[in-house]
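K.L.:
My questions will all concern the structure given below.
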Amino acid sequence: MDWYVLTYAAFNGILVGAMLGGIALGLSLIFGVLRIVNFAHGSFLMLAMYTAFWLQKLAGIDPYVSVLIAAPLMFALGYLVQCFVIGPLIRRERALVVEPISALLLTAGVYILIDNLALMAFGPNVRSTPSAIQVTSVMVAQFPLNSFRIVAALAALAMAAGVSLWLARTDMGRSIRATAQNRDAAAMSGIDVPRIYNVTFGLGCAMVGVMGCLIAPFIPITPQVGLSFGIKSFIVVVLGGIGSIAGSLVGGVVIGLFESVASQFVATPTASIFSLGLFIVILLVRPQGLMGRK
């Protein structure tokens, strides 16, 4: 095997992995605070991609500029879903179940509802939303790397750093961290836990909204596009460490790097299967994930 090809595959794997980590950031944050698995995470990504598509089609707004519109819209949608759909269920069950199973099933229902509504509204046709950026590749150490992937990867790193600083330096961020550690103690300290839940869910959806717009220029858009990204996000979050912002990026890079290099030796679907084997092996050795706490 040519070392140039392997190195090129490794670079691409790192970019794809960072992109996956960026998509999984919101899911990790939501699980770390609310203790529920958001099965509709991929559906929110799909909605963000369609938002970028329709903003370009109807108003001529570039997908990268549409981030400024899509992120607040996704925050509002996530806030409302948590407030009026998931919130009442959590309040009913919090005295009995720490991680309500019915909330998990409820988010699965939200995923089915959103995906089928999108299918009814937009149809099954594949859409695309090309960006006005003409530079499609950037030379890095004599390796032509996709510029759109570079933008998505750098945005994921910047978003992870920004959210980490926000959680550490602001009153709202510290309230979110306190709620994640012990919601009963946080409530007794005067923190409005339901509001924290709403803001956290909205923030997680806004983060996936940003990534949805950034990957829209090079990922085909269909009503089912969120499913595969949602599954990969679960794997990335668990592998990196549930609730860990840095762990999401690390887990994404590990999966992306392994699959990209493995695909040079076997077919791409087989490489994906092998990545699941790697996922199982790592969890057997370190059940809390690569950067999770015991």
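Each chain of the structure tokens is named A, B, ... in the order shown, its residues numbered from 1; ligands are numbered from 1 in display order.
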Need the shell around Val81 in chain A: protein/DNA/RNA residues with any atom at most 10 Å away, counting only C-alpha atoms. Skip same-chain ones fewer than 6 positions apart. Format as a list in words?
P.N.:
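My list of contacting residues is Phe75, Gly87, Thr107, Val110, Asn198, Phe201 and Gly202 of chain A.
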K.L.:
Show which residues sit within 8 Å of range 214-230 of chain A, as a count of residues only. Count only C-alpha atoms, and ignore same-chain residues fewer than 2 positions away.
P.N.:
41
K.L.:
From a DSSP pass on the backbone, collect the residues of range 74-187 of chain A flagged as strand (DSSP E) and hand them back as a list in words.
P.N.:
Ser137, Val138, Met139, Val140, Phe143, Pro144, Leu145 and Asn146 of chain A
K.L.:
Kindly save the residues from that selection, with C-alpha atoms included, as a short mmCIF file (atom, residue, chain, number, x, y, z; two decimals), in the first residue's frame.
P.N.:
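Writing the result to selection01.cif gives the following:
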data_model
loop_
_atom_site.label_atom_id
_atom_site.label_comp_id
_atom_site.auth_asym_id
_atom_site.auth_seq_id
_atom_site.Cartn_x
_atom_site.Cartn_y
_atom_site.Cartn_z
CA SER A 137 -9.70 21.98 -2.54
CA VAL A 138 -6.81 23.28 -0.47
CA MET A 139 -3.27 21.92 -0.67
CA VAL A 140 -1.97 20.87 2.74
CA PHE A 143 -2.43 16.72 -0.16
CA PRO A 144 -5.51 18.22 -1.88
CA LEU A 145 -8.12 18.41 0.88
CA ASN A 146 -11.76 19.30 0.35
#
K.L.:
Within 9 Å of Leu77 in chain A, counting only C-alpha atoms, which residues show up once you throw out same-chain ones fewer than 3 positions away? Write them as a short mmCIF file (atom, residue, chain, number, x, y, z; two decimals) with N, CA and C atoms, in the first residue's frame, please.
P.N.:
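Generated file (part.cif):
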data_model
loop_
_atom_site.label_atom_id
_atom_site.label_comp_id
_atom_site.auth_asym_id
_atom_site.auth_seq_id
_atom_site.Cartn_x
_atom_site.Cartn_y
_atom_site.Cartn_z
N PHE A 44 -33.17 16.79 13.43
CA PHE A 44 -32.89 18.22 13.53
C PHE A 44 -31.77 18.61 12.55
N PRO A 72 -30.56 30.12 15.12
CA PRO A 72 -31.62 30.59 16.02
C PRO A 72 -32.95 29.85 15.81
N LEU A 73 -33.28 29.50 14.56
CA LEU A 73 -34.51 28.75 14.31
C LEU A 73 -34.47 27.38 14.98
N MET A 74 -33.33 26.70 14.87
CA MET A 74 -33.21 25.38 15.48
C MET A 74 -33.20 25.48 17.00
N LEU A 80 -38.82 24.70 22.16
CA LEU A 80 -40.26 24.41 22.20
C LEU A 80 -40.52 22.91 22.35
N VAL A 81 -39.73 22.09 21.66
CA VAL A 81 -39.92 20.63 21.77
C VAL A 81 -39.67 20.18 23.20
N GLN A 82 -38.60 20.68 23.80
CA GLN A 82 -38.30 20.31 25.19
C GLN A 82 -39.36 20.85 26.14
N GLY A 202 -32.38 23.39 23.46
CA GLY A 202 -32.32 24.35 22.36
C GLY A 202 -30.90 24.57 21.87
N CYS A 205 -29.75 21.66 19.76
CA CYS A 205 -30.34 21.72 18.42
C CYS A 205 -29.69 22.84 17.58
N ALA A 206 -29.36 23.97 18.22
CA ALA A 206 -28.69 25.05 17.50
C ALA A 206 -27.32 24.61 17.00
#
K.L.:
Report the distance between CA of Met172 in chain A and CA of Leu34 in chain A in Å, rounded to one decimal place.
P.N.:
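Value for the CA of Met172 in chain A-CA of Leu34 in chain A distance: 15.3 Å.
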K.L.:
With a distance cut-off of 6 Å and only C-alpha atoms, select the neighbouring residues of Gly240 in chain A, excluding the residue or stretch itself and same-chain residues fewer than 4 positions from it, and output the selection as a PDB file with N, CA and C atoms, in the first residue's frame.
P.N.:
ATOM      1  N   VAL A 236     -20.343   8.044  18.365  1.00  0.00           N
ATOM      2  CA  VAL A 236     -19.298   9.007  18.703  1.00  0.00           C
ATOM      3  C   VAL A 236     -19.417   9.462  20.156  1.00  0.00           C
ATOM      4  N   GLY A 247     -14.667  14.902  24.360  1.00  0.00           N
ATOM      5  CA  GLY A 247     -14.809  13.497  24.013  1.00  0.00           C
ATOM      6  C   GLY A 247     -15.557  13.284  22.713  1.00  0.00           C
ATOM      7  N   SER A 248     -16.523  14.157  22.408  1.00  0.00           N
ATOM      8  CA  SER A 248     -17.255  14.037  21.143  1.00  0.00           C
ATOM      9  C   SER A 248     -16.306  14.204  19.959  1.00  0.00           C
ATOM     10  N   VAL A 250     -12.989  13.776  20.014  1.00  0.00           N
ATOM     11  CA  VAL A 250     -12.039  12.663  20.009  1.00  0.00           C
ATOM     12  C   VAL A 250     -12.692  11.403  19.449  1.00  0.00           C
ATOM     13  N   GLY A 251     -13.903  11.103  19.897  1.00  0.00           N
ATOM     14  CA  GLY A 251     -14.602   9.937  19.393  1.00  0.00           C
ATOM     15  C   GLY A 251     -14.873  10.032  17.899  1.00  0.00           C
ATOM     16  N   GLY A 289     -15.917   5.364  28.127  1.00  0.00           N
ATOM     17  CA  GLY A 289     -15.522   6.115  26.942  1.00  0.00           C
ATOM     18  C   GLY A 289     -14.105   6.642  27.065  1.00  0.00           C
ATOM     19  N   LEU A 290     -13.589   7.155  25.963  1.00  0.00           N
ATOM     20  CA  LEU A 290     -12.192   7.584  25.939  1.00  0.00           C
ATOM     21  C   LEU A 290     -11.913   8.730  26.890  1.00  0.00           C
ATOM     22  N   MET A 291     -12.870   9.666  27.021  1.00  0.00           N
ATOM     23  CA  MET A 291     -12.640  10.826  27.876  1.00  0.00           C
ATOM     24  C   MET A 291     -13.754  10.990  28.913  1.00  0.00           C
TER      25      MET A 291
END
K.L.:
When DSSP works through the backbone of this structure, what residues of range 14-223 of chain A end up as alpha helix (DSSP H), shown as a short mmCIF file (atom, residue, chain, number, x, y, z; two decimals) with N, CA and C atoms, in the first residue's frame?
P.N.:
data_model
loop_
_atom_site.label_atom_id
_atom_site.label_comp_id
_atom_site.auth_asym_id
_atom_site.auth_seq_id
_atom_site.Cartn_x
_atom_site.Cartn_y
_atom_site.Cartn_z
N ILE A 14 -9.50 12.41 9.46
CA ILE A 14 -9.50 13.38 10.55
C ILE A 14 -10.55 14.46 10.30
N LEU A 15 -10.62 14.94 9.05
CA LEU A 15 -11.61 15.98 8.73
C LEU A 15 -13.04 15.46 8.91
N VAL A 16 -13.28 14.26 8.38
CA VAL A 16 -14.62 13.68 8.51
C VAL A 16 -14.94 13.42 9.98
N GLY A 17 -13.95 12.92 10.73
CA GLY A 17 -14.15 12.65 12.15
C GLY A 17 -14.46 13.90 12.94
N ALA A 18 -13.74 15.00 12.65
CA ALA A 18 -14.03 16.26 13.33
C ALA A 18 -15.43 16.74 12.99
N MET A 19 -15.84 16.53 11.74
CA MET A 19 -17.20 16.91 11.34
C MET A 19 -18.24 16.08 12.10
N LEU A 20 -18.00 14.77 12.22
CA LEU A 20 -18.91 13.92 12.99
C LEU A 20 -18.94 14.34 14.46
N GLY A 21 -17.78 14.69 14.98
CA GLY A 21 -17.73 15.15 16.36
C GLY A 21 -18.53 16.43 16.56
N GLY A 22 -18.46 17.34 15.58
CA GLY A 22 -19.24 18.57 15.66
C GLY A 22 -20.73 18.29 15.64
N ILE A 23 -21.15 17.32 14.82
CA ILE A 23 -22.57 16.96 14.76
C ILE A 23 -23.01 16.35 16.09
N ALA A 24 -22.12 15.59 16.72
CA ALA A 24 -22.47 14.90 17.96
C ALA A 24 -22.39 15.79 19.20
N LEU A 25 -21.84 17.01 19.07
CA LEU A 25 -21.68 17.88 20.24
C LEU A 25 -23.02 18.14 20.93
N GLY A 26 -24.03 18.48 20.14
CA GLY A 26 -25.33 18.78 20.72
C GLY A 26 -25.94 17.59 21.42
N LEU A 27 -25.79 16.41 20.83
CA LEU A 27 -26.32 15.19 21.44
C LEU A 27 -25.64 14.91 22.77
N SER A 28 -24.33 15.10 22.82
CA SER A 28 -23.57 14.88 24.06
C SER A 28 -24.00 15.85 25.14
N LEU A 29 -24.20 17.11 24.76
CA LEU A 29 -24.62 18.11 25.74
C LEU A 29 -26.00 17.79 26.31
N ILE A 30 -26.92 17.42 25.43
CA ILE A 30 -28.28 17.10 25.87
C ILE A 30 -28.28 15.90 26.80
N PHE A 31 -27.55 14.86 26.43
CA PHE A 31 -27.52 13.67 27.28
C PHE A 31 -26.83 13.96 28.60
N GLY A 32 -25.77 14.77 28.57
CA GLY A 32 -25.05 15.06 29.79
C GLY A 32 -25.87 15.82 30.81
N VAL A 33 -26.84 16.62 30.35
CA VAL A 33 -27.63 17.43 31.27
C VAL A 33 -28.99 16.79 31.55
N LEU A 34 -29.71 16.39 30.49
CA LEU A 34 -31.07 15.88 30.66
C LEU A 34 -31.10 14.38 30.97
N HIS A 41 -32.11 13.55 17.04
CA HIS A 41 -30.95 14.40 16.77
C HIS A 41 -30.67 14.50 15.26
N GLY A 42 -30.69 13.37 14.58
CA GLY A 42 -30.46 13.39 13.13
C GLY A 42 -31.56 14.12 12.39
N SER A 43 -32.77 14.08 12.90
CA SER A 43 -33.88 14.78 12.25
C SER A 43 -33.68 16.29 12.31
N PHE A 44 -33.17 16.79 13.43
CA PHE A 44 -32.89 18.22 13.53
C PHE A 44 -31.77 18.61 12.55
N LEU A 45 -30.81 17.73 12.36
CA LEU A 45 -29.76 17.99 11.37
C LEU A 45 -30.37 18.08 9.97
N MET A 46 -31.27 17.16 9.66
CA MET A 46 -31.94 17.18 8.36
C MET A 46 -32.73 18.47 8.15
N LEU A 47 -33.43 18.92 9.18
CA LEU A 47 -34.19 20.16 9.07
C LEU A 47 -33.28 21.35 8.82
N ALA A 48 -32.11 21.37 9.45
CA ALA A 48 -31.16 22.46 9.23
C ALA A 48 -30.66 22.44 7.79
N MET A 49 -30.42 21.26 7.24
CA MET A 49 -29.97 21.17 5.86
C MET A 49 -31.05 21.66 4.90
N TYR A 50 -32.29 21.29 5.17
CA TYR A 50 -33.39 21.79 4.34
C TYR A 50 -33.57 23.30 4.50
N THR A 51 -33.32 23.81 5.69
CA THR A 51 -33.38 25.26 5.89
C THR A 51 -32.37 25.97 5.01
N ALA A 52 -31.14 25.43 4.96
CA ALA A 52 -30.12 26.01 4.09
C ALA A 52 -30.54 25.92 2.63
N PHE A 53 -31.15 24.79 2.25
CA PHE A 53 -31.57 24.61 0.86
C PHE A 53 -32.64 25.63 0.46
N TRP A 54 -33.68 25.77 1.29
CA TRP A 54 -34.78 26.66 0.93
C TRP A 54 -34.39 28.13 1.03
N LEU A 55 -33.50 28.47 1.96
CA LEU A 55 -33.03 29.85 2.03
C LEU A 55 -32.26 30.22 0.76
N GLN A 56 -31.50 29.26 0.23
CA GLN A 56 -30.79 29.53 -1.01
C GLN A 56 -31.75 29.58 -2.20
N LYS A 57 -32.70 28.67 -2.23
CA LYS A 57 -33.61 28.59 -3.36
C LYS A 57 -34.57 29.78 -3.43
N LEU A 58 -35.06 30.21 -2.28
CA LEU A 58 -36.07 31.27 -2.25
C LEU A 58 -35.47 32.67 -2.12
N ALA A 59 -34.36 32.78 -1.40
CA ALA A 59 -33.79 34.10 -1.14
C ALA A 59 -32.37 34.27 -1.66
N VAL A 67 -26.36 29.94 8.20
CA VAL A 67 -26.11 29.55 9.59
C VAL A 67 -26.69 30.60 10.54
N LEU A 68 -26.59 31.88 10.16
CA LEU A 68 -27.06 32.96 11.01
C LEU A 68 -28.58 32.91 11.21
N ILE A 69 -29.29 32.27 10.29
CA ILE A 69 -30.74 32.15 10.40
C ILE A 69 -31.12 30.79 10.96
N ALA A 70 -30.46 29.74 10.48
CA ALA A 70 -30.83 28.37 10.86
C ALA A 70 -30.56 28.10 12.34
N ALA A 71 -29.43 28.58 12.86
CA ALA A 71 -29.09 28.29 14.25
C ALA A 71 -30.14 28.84 15.23
N PRO A 72 -30.56 30.12 15.12
CA PRO A 72 -31.62 30.59 16.02
C PRO A 72 -32.95 29.85 15.81
N LEU A 73 -33.28 29.50 14.56
CA LEU A 73 -34.51 28.75 14.31
C LEU A 73 -34.47 27.38 14.98
N MET A 74 -33.33 26.70 14.87
CA MET A 74 -33.21 25.38 15.48
C MET A 74 -33.20 25.48 17.00
N PHE A 75 -32.61 26.56 17.53
CA PHE A 75 -32.66 26.76 18.98
C PHE A 75 -34.11 26.91 19.44
N ALA A 76 -34.87 27.73 18.72
CA ALA A 76 -36.27 27.94 19.09
C ALA A 76 -37.07 26.64 18.98
N LEU A 77 -36.82 25.88 17.92
CA LEU A 77 -37.54 24.61 17.74
C LEU A 77 -37.19 23.64 18.86
N GLY A 78 -35.90 23.52 19.19
CA GLY A 78 -35.49 22.63 20.27
C GLY A 78 -36.04 23.07 21.61
N TYR A 79 -36.05 24.38 21.84
CA TYR A 79 -36.59 24.92 23.10
C TYR A 79 -38.07 24.55 23.24
N LEU A 80 -38.82 24.70 22.16
CA LEU A 80 -40.26 24.41 22.20
C LEU A 80 -40.52 22.91 22.35
N VAL A 81 -39.73 22.09 21.66
CA VAL A 81 -39.92 20.63 21.77
C VAL A 81 -39.67 20.18 23.20
N GLY A 87 -40.57 18.03 28.26
CA GLY A 87 -40.59 18.56 29.61
C GLY A 87 -41.69 18.00 30.50
N PRO A 88 -42.94 17.98 30.05
CA PRO A 88 -44.00 17.42 30.91
C PRO A 88 -43.75 15.97 31.30
N LEU A 89 -43.20 15.19 30.38
CA LEU A 89 -42.91 13.79 30.69
C LEU A 89 -41.82 13.67 31.74
N ILE A 90 -40.77 14.49 31.64
CA ILE A 90 -39.68 14.46 32.62
C ILE A 90 -40.21 14.87 33.99
N ARG A 91 -41.04 15.89 34.04
CA ARG A 91 -41.57 16.34 35.33
C ARG A 91 -42.45 15.27 35.99
N ARG A 92 -43.15 14.49 35.17
CA ARG A 92 -43.99 13.43 35.72
C ARG A 92 -43.18 12.29 36.28
N GLU A 93 -42.02 12.00 35.65
CA GLU A 93 -41.28 10.79 36.00
C GLU A 93 -40.03 11.03 36.83
N ILE A 101 -37.17 6.12 30.59
CA ILE A 101 -37.20 5.33 29.37
C ILE A 101 -38.25 5.86 28.41
N SER A 102 -39.37 6.31 28.97
CA SER A 102 -40.43 6.80 28.11
C SER A 102 -40.01 8.06 27.36
N ALA A 103 -39.10 8.87 27.93
CA ALA A 103 -38.59 10.04 27.22
C ALA A 103 -37.78 9.61 26.01
N LEU A 104 -37.04 8.52 26.14
CA LEU A 104 -36.28 7.97 25.01
C LEU A 104 -37.23 7.56 23.89
N LEU A 105 -38.31 6.87 24.26
CA LEU A 105 -39.30 6.46 23.26
C LEU A 105 -40.00 7.67 22.66
N LEU A 106 -40.19 8.70 23.47
CA LEU A 106 -40.83 9.91 22.97
C LEU A 106 -39.98 10.60 21.91
N THR A 107 -38.67 10.70 22.14
CA THR A 107 -37.80 11.30 21.13
C THR A 107 -37.76 10.45 19.86
N ALA A 108 -37.89 9.13 20.01
CA ALA A 108 -37.99 8.28 18.82
C ALA A 108 -39.25 8.61 18.04
N GLY A 109 -40.34 8.89 18.75
CA GLY A 109 -41.57 9.30 18.08
C GLY A 109 -41.41 10.64 17.39
N VAL A 110 -40.69 11.57 18.02
CA VAL A 110 -40.43 12.87 17.40
C VAL A 110 -39.63 12.69 16.11
N TYR A 111 -38.64 11.79 16.15
CA TYR A 111 -37.84 11.50 14.95
C TYR A 111 -38.71 10.97 13.81
N ILE A 112 -39.59 10.02 14.12
CA ILE A 112 -40.47 9.46 13.09
C ILE A 112 -41.40 10.53 12.53
N LEU A 113 -41.94 11.37 13.42
CA LEU A 113 -42.86 12.42 13.00
C LEU A 113 -42.16 13.43 12.08
N ILE A 114 -40.99 13.92 12.50
CA ILE A 114 -40.27 14.93 11.71
C ILE A 114 -39.87 14.38 10.36
N ASP A 115 -39.31 13.17 10.33
CA ASP A 115 -38.85 12.60 9.07
C ASP A 115 -40.00 12.38 8.10
N ASN A 116 -41.14 11.91 8.60
CA ASN A 116 -42.27 11.65 7.71
C ASN A 116 -42.94 12.95 7.26
N LEU A 117 -42.97 13.95 8.12
CA LEU A 117 -43.49 15.25 7.70
C LEU A 117 -42.60 15.85 6.62
N ALA A 118 -41.28 15.70 6.77
CA ALA A 118 -40.35 16.19 5.75
C ALA A 118 -40.54 15.45 4.43
N LEU A 119 -40.78 14.14 4.52
CA LEU A 119 -41.01 13.36 3.31
C LEU A 119 -42.28 13.80 2.61
N MET A 120 -43.33 14.08 3.39
CA MET A 120 -44.59 14.55 2.81
C MET A 120 -44.44 15.95 2.20
N ALA A 121 -43.67 16.81 2.85
CA ALA A 121 -43.56 18.20 2.41
C ALA A 121 -42.59 18.37 1.25
N PHE A 122 -41.46 17.66 1.30
CA PHE A 122 -40.40 17.89 0.33
C PHE A 122 -40.26 16.78 -0.70
N SER A 147 -12.13 21.69 0.63
CA SER A 147 -12.23 22.92 1.42
C SER A 147 -13.51 22.96 2.25
N PHE A 148 -14.60 22.34 1.76
CA PHE A 148 -15.85 22.34 2.51
C PHE A 148 -15.72 21.49 3.77
N ARG A 149 -15.01 20.38 3.67
CA ARG A 149 -14.77 19.56 4.86
C ARG A 149 -13.88 20.28 5.85
N ILE A 150 -12.90 21.03 5.35
CA ILE A 150 -12.02 21.78 6.23
C ILE A 150 -12.82 22.82 7.02
N VAL A 151 -13.72 23.52 6.32
CA VAL A 151 -14.55 24.53 6.99
C VAL A 151 -15.41 23.88 8.07
N ALA A 152 -16.04 22.74 7.75
CA ALA A 152 -16.89 22.05 8.72
C ALA A 152 -16.08 21.57 9.92
N ALA A 153 -14.87 21.04 9.67
CA ALA A 153 -14.03 20.55 10.76
C ALA A 153 -13.57 21.70 11.65
N LEU A 154 -13.13 22.80 11.05
CA LEU A 154 -12.69 23.95 11.85
C LEU A 154 -13.85 24.55 12.63
N ALA A 155 -15.04 24.58 12.02
CA ALA A 155 -16.20 25.09 12.73
C ALA A 155 -16.55 24.22 13.92
N ALA A 156 -16.40 22.89 13.77
CA ALA A 156 -16.66 21.98 14.89
C ALA A 156 -15.70 22.25 16.04
N LEU A 157 -14.41 22.46 15.73
CA LEU A 157 -13.43 22.76 16.77
C LEU A 157 -13.75 24.09 17.45
N ALA A 158 -14.08 25.10 16.65
CA ALA A 158 -14.39 26.41 17.21
C ALA A 158 -15.64 26.35 18.09
N MET A 159 -16.64 25.61 17.62
CA MET A 159 -17.88 25.50 18.38
C MET A 159 -17.65 24.77 19.70
N ALA A 160 -16.85 23.70 19.68
CA ALA A 160 -16.55 22.98 20.91
C ALA A 160 -15.81 23.87 21.90
N ALA A 161 -14.83 24.64 21.40
CA ALA A 161 -14.09 25.54 22.28
C ALA A 161 -15.00 26.63 22.84
N GLY A 162 -15.87 27.19 21.97
CA GLY A 162 -16.77 28.24 22.41
C GLY A 162 -17.76 27.77 23.46
N VAL A 163 -18.34 26.60 23.25
CA VAL A 163 -19.30 26.06 24.21
C VAL A 163 -18.61 25.74 25.53
N SER A 164 -17.41 25.18 25.47
CA SER A 164 -16.68 24.87 26.70
C SER A 164 -16.40 26.13 27.51
N LEU A 165 -15.96 27.20 26.84
CA LEU A 165 -15.72 28.47 27.54
C LEU A 165 -17.02 29.05 28.09
N TRP A 166 -18.09 28.94 27.30
CA TRP A 166 -19.38 29.47 27.74
C TRP A 166 -19.88 28.73 28.98
N LEU A 167 -19.72 27.42 28.99
CA LEU A 167 -20.14 26.63 30.15
C LEU A 167 -19.32 26.96 31.40
N ALA A 168 -18.06 27.32 31.19
CA ALA A 168 -17.17 27.56 32.32
C ALA A 168 -17.20 29.00 32.82
N ARG A 169 -17.51 29.97 31.94
CA ARG A 169 -17.33 31.37 32.30
C ARG A 169 -18.62 32.15 32.53
N ASP A 171 -22.82 32.63 33.85
CA ASP A 171 -23.75 32.16 34.88
C ASP A 171 -24.66 31.05 34.36
N MET A 172 -25.16 31.23 33.14
CA MET A 172 -26.01 30.20 32.56
C MET A 172 -25.23 28.91 32.36
N GLY A 173 -23.99 29.02 31.90
CA GLY A 173 -23.17 27.83 31.72
C GLY A 173 -22.91 27.10 33.02
N ARG A 174 -22.63 27.86 34.08
CA ARG A 174 -22.41 27.22 35.38
C ARG A 174 -23.69 26.59 35.92
N SER A 175 -24.82 27.21 35.62
CA SER A 175 -26.10 26.63 36.03
C SER A 175 -26.36 25.31 35.30
N ILE A 176 -25.98 25.26 34.03
CA ILE A 176 -26.14 24.03 33.26
C ILE A 176 -25.24 22.94 33.83
N ARG A 177 -24.00 23.28 34.16
CA ARG A 177 -23.09 22.29 34.73
C ARG A 177 -23.58 21.80 36.09
N ALA A 178 -24.11 22.71 36.89
CA ALA A 178 -24.64 22.32 38.20
C ALA A 178 -25.83 21.39 38.04
N THR A 179 -26.70 21.69 37.09
CA THR A 179 -27.87 20.83 36.85
C THR A 179 -27.44 19.46 36.36
N ALA A 180 -26.39 19.42 35.54
CA ALA A 180 -25.90 18.14 35.04
C ALA A 180 -25.34 17.29 36.18
N GLN A 181 -24.72 17.92 37.17
CA GLN A 181 -24.12 17.17 38.28
C GLN A 181 -25.18 16.65 39.24
N ARG A 183 -29.39 17.64 39.70
CA ARG A 183 -30.48 18.57 39.42
C ARG A 183 -31.27 18.93 40.68
N ASP A 184 -31.38 18.01 41.66
CA ASP A 184 -32.10 18.32 42.89
C ASP A 184 -31.36 19.37 43.70
N ALA A 185 -30.05 19.20 43.83
CA ALA A 185 -29.25 20.20 44.55
C ALA A 185 -29.27 21.53 43.82
N ALA A 186 -29.25 21.49 42.47
CA ALA A 186 -29.33 22.73 41.70
C ALA A 186 -30.65 23.44 41.94
N ALA A 187 -31.74 22.67 42.00
CA ALA A 187 -33.05 23.27 42.23
C ALA A 187 -33.12 23.91 43.62
N MET A 188 -32.54 23.24 44.61
CA MET A 188 -32.55 23.79 45.97
C MET A 188 -31.66 25.02 46.09
N VAL A 193 -34.52 24.66 37.05
CA VAL A 193 -34.10 23.46 36.32
C VAL A 193 -34.89 23.27 35.02
N PRO A 194 -36.23 23.40 35.00
CA PRO A 194 -36.94 23.26 33.72
C PRO A 194 -36.44 24.23 32.65
N ARG A 195 -36.14 25.47 33.04
CA ARG A 195 -35.61 26.43 32.06
C ARG A 195 -34.23 26.01 31.58
N ILE A 196 -33.41 25.50 32.49
CA ILE A 196 -32.09 25.02 32.10
C ILE A 196 -32.23 23.87 31.09
N TYR A 197 -33.19 22.97 31.32
CA TYR A 197 -33.43 21.89 30.39
C TYR A 197 -33.83 22.43 29.01
N ASN A 198 -34.72 23.42 29.01
CA ASN A 198 -35.17 23.99 27.74
C ASN A 198 -34.01 24.64 26.97
N VAL A 199 -33.21 25.42 27.70
CA VAL A 199 -32.07 26.10 27.06
C VAL A 199 -31.05 25.08 26.55
N THR A 200 -30.79 24.05 27.34
CA THR A 200 -29.81 23.04 26.93
C THR A 200 -30.27 22.31 25.67
N PHE A 201 -31.52 21.90 25.64
CA PHE A 201 -32.03 21.20 24.46
C PHE A 201 -32.00 22.13 23.25
N GLY A 202 -32.38 23.39 23.46
CA GLY A 202 -32.32 24.35 22.36
C GLY A 202 -30.90 24.57 21.87
N LEU A 203 -29.95 24.66 22.81
CA LEU A 203 -28.55 24.86 22.43
C LEU A 203 -28.03 23.66 21.64
N GLY A 204 -28.39 22.44 22.09
CA GLY A 204 -27.96 21.25 21.36
C GLY A 204 -28.50 21.25 19.94
N CYS A 205 -29.75 21.66 19.76
CA CYS A 205 -30.34 21.72 18.42
C CYS A 205 -29.69 22.84 17.58
N ALA A 206 -29.36 23.97 18.22
CA ALA A 206 -28.69 25.05 17.50
C ALA A 206 -27.32 24.61 17.00
N MET A 207 -26.60 23.83 17.81
CA MET A 207 -25.28 23.35 17.40
C MET A 207 -25.38 22.43 16.21
N VAL A 208 -26.36 21.52 16.23
CA VAL A 208 -26.52 20.63 15.09
C VAL A 208 -27.05 21.41 13.89
N GLY A 209 -27.77 22.52 14.16
CA GLY A 209 -28.22 23.37 13.07
C GLY A 209 -27.06 24.03 12.34
N VAL A 210 -26.06 24.47 13.10
CA VAL A 210 -24.86 25.05 12.50
C VAL A 210 -24.16 24.03 11.60
N MET A 211 -23.98 22.82 12.11
CA MET A 211 -23.30 21.80 11.32
C MET A 211 -24.12 21.39 10.11
N GLY A 212 -25.45 21.40 10.24
CA GLY A 212 -26.30 21.05 9.10
C GLY A 212 -26.10 21.99 7.94
N CYS A 213 -26.01 23.28 8.21
CA CYS A 213 -25.78 24.26 7.14
C CYS A 213 -24.38 24.12 6.54
N LEU A 214 -23.40 23.77 7.38
CA LEU A 214 -22.02 23.69 6.90
C LEU A 214 -21.76 22.45 6.06
N ILE A 215 -22.52 21.37 6.29
CA ILE A 215 -22.31 20.17 5.48
C ILE A 215 -23.27 20.11 4.29
#
K.L.:
Would you mind reading off the distance between CA of Ile282 in chain A and CA of Gly13 in chain A, one decimal, in Å?
P.N.:
18.6 Å
K.L.:
Take CA of Val37 in chain A and CA of Ile235 in chain A and report the distance between them in Å, one decimal.
P.N.:
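So the answer is 12.0 Å.
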